[in-house]
Amino acid sequence: MANSEWCWRGADDPELVHALVCESDLRNALPGVPAPLRNPTTTRAHVAAGNVYGLFNHNDLIATFTITAEPPHGVHAQRFPEAGCPVYLQRLAVQPAWVDRDALIGVRCVRKACELAKARGADALRAEVNPDLKAVRALLEGLGFRQHGPAVEKEGRRAVYLQYEIS
């Protein structure tokens with residue numbers, strides 16, 4: 001990723017970001033299990049707040065994630081272990097056509113999120129993950145995120161809570 005074709009920057013097109021997140025969810029959902037429903041209003045708000053980062057190849061959005069100081073709607077900080085200054089990783093998505101071309105794009109996203117979290121002074125990076133998105137969960141756990149507590153059912157969907165300790 002060292003050449004000029006690739007760059008990280010704030011994502012500024014909420015419709016493009018939302019479409020990528022939904023497309024990625026569809027690819028990662030288990031057969032017969034519906035993909036999570038995403039709220040486009042939430043996507044627009046995150047993009048407007050500057051919370052969404054994109055990995056671009058030339059001008060094409062290849063991957064995206066959202067990082068916030070506040071937990072996502074409905075996520076209670078008590079589900080996680082104690083942390084002094086946590087940040088939250090949300091809506092990690094990779095363009096499905098690129099998943100097969102470069103299996104490390106998701107890893108690059110999580111590493112970039114960790115770098116941004118550390119730069120903000122965070123001591124923990126937290127994620128709520130749908131356990132039916134097996135590839136996303138496996139990626140995070142493979143990079144050192146640890147599950148805290150059992151899977152829970154909320155608002156008609158399942159979730160697990162993962163945290164990465166930043167050193």
# chains A, B, ... in the order shown; residues from 1 in each chain; ligands from 1

$ residues_around --residues "Gln163 in chain A" --least-positions-apart "6" --cutoff "12 Å" --atoms "only C-alpha atoms" --output "list in words"
Ala77, Arg79, Phe80, Pro81, Glu82, Ala83, Pro86, Val87, Tyr88, Leu89, Cys114, Ala122, Asp123, Ala124, Leu125, Arg126, Ala127, Glu128, Val129, Arg137, Leu140, Glu141, Leu143, Gly144, Phe145, Arg146, Gln147, His148 and Gly149 of chain A

$ residues_around --residues "range 50-53 of chain A" --least-positions-apart "5" --cutoff "8 Å" --atoms "only C-alpha atoms" --output "mmCIF file with N, CA and C atoms, in the first residue's frame"
data_model
loop_
_atom_site.group_PDB
_atom_site.id
_atom_site.type_symbol
_atom_site.label_atom_id
_atom_site.label_comp_id
_atom_site.auth_asym_id
_atom_site.auth_seq_id
_atom_site.Cartn_x
_atom_site.Cartn_y
_atom_site.Cartn_z
ATOM 1 N N TRP A 8 -5.571 7.022 2.678
ATOM 2 C CA TRP A 8 -6.603 7.143 3.705
ATOM 3 C C TRP A 8 -7.071 8.586 3.723
ATOM 4 N N ARG A 9 -8.365 8.785 3.850
ATOM 5 C CA ARG A 9 -8.886 10.131 4.045
ATOM 6 C C ARG A 9 -10.298 10.040 4.608
ATOM 7 N N GLY A 10 -10.747 11.163 5.123
ATOM 8 C CA GLY A 10 -12.116 11.212 5.620
ATOM 9 C C GLY A 10 -13.077 10.975 4.475
ATOM 10 N N ALA A 11 -14.073 10.145 4.707
ATOM 11 C CA ALA A 11 -15.081 9.884 3.682
ATOM 12 C C ALA A 11 -16.084 11.032 3.702
ATOM 13 N N THR A 64 -14.084 1.137 4.488
ATOM 14 C CA THR A 64 -14.453 2.230 5.375
ATOM 15 C C THR A 64 -14.679 1.718 6.787
ATOM 16 N N PHE A 65 -14.528 2.618 7.736
ATOM 17 C CA PHE A 65 -14.904 2.341 9.118
ATOM 18 C C PHE A 65 -15.237 3.658 9.783
ATOM 19 N N THR A 66 -15.955 3.556 10.879
ATOM 20 C CA THR A 66 -16.339 4.716 11.668
ATOM 21 C C THR A 66 -15.701 4.569 13.037
ATOM 22 N N ILE A 67 -15.178 5.664 13.571
ATOM 23 C CA ILE A 67 -14.592 5.647 14.906
ATOM 24 C C ILE A 67 -15.149 6.850 15.675
ATOM 25 N N THR A 68 -15.687 6.573 16.871
ATOM 26 C CA THR A 68 -16.331 7.619 17.666
ATOM 27 C C THR A 68 -15.918 7.530 19.128
#

$ closest_residue --among "A:Pro131, A:Leu139, A:Gly84, A:Ser167" --to "Ala151 in chain A" --atoms "only C-alpha atoms"
A:Pro131

$ select_by_dssp --residues "range 127-162 of chain A" --states "alpha helix (DSSP H)" --output "list in words"
Lys134, Ala135, Val136, Arg137, Ala138, Leu139, Leu140, Glu141 and Gly142 of chain A

$ select_by_dssp --residues "chain A" --states "strand (DSSP E or B)" --output "PyMOL selection string"
chain A and resi 6-10+52-57+60-68+86-94+124-129+146-147+152-154+157-165

$ residues_around --residues "Leu92 in chain A" --least-positions-apart "4" --cutoff "9 Å" --atoms "only C-alpha atoms" --output "PDB file with C-alpha atoms, in the first residue's frame"
ATOM      1  CA  VAL A  21     -21.523  -0.862   4.356  1.00  0.00           C
ATOM      2  CA  SER A  24     -20.296  -5.629   2.779  1.00  0.00           C
ATOM      3  CA  ALA A  63     -13.045   0.147   2.565  1.00  0.00           C
ATOM      4  CA  THR A  64     -14.453   2.230   5.375  1.00  0.00           C
ATOM      5  CA  PHE A  65     -14.904   2.341   9.118  1.00  0.00           C
ATOM      6  CA  THR A  66     -16.339   4.716  11.668  1.00  0.00           C
ATOM      7  CA  GLY A 106      -9.795  -5.454   6.586  1.00  0.00           C
ATOM      8  CA  CYS A 109      -8.691  -0.851   8.373  1.00  0.00           C
ATOM      9  CA  VAL A 110      -8.476  -2.167  11.918  1.00  0.00           C
ATOM     10  CA  VAL A 136     -15.708  -9.627  10.723  1.00  0.00           C
TER      11      VAL A 136
END

$ residues_around --residues "Asp102 in chain A" --least-positions-apart "6" --cutoff "12 Å" --atoms "only C-alpha atoms" --output "ChimeraX atom specification"
/A:1,62-63,94-96,108

$ closest_residue --among "A:Ala69, A:Ala117, A:Val75, A:Val107" --to "Ala159 in chain A" --atoms "only C-alpha atoms"
A:Val75

$ closest_residue --among "A:Val152, A:Leu104, A:Leu20, A:Leu133" --to "Pro36 in chain A" --atoms "only C-alpha atoms"
A:Leu133
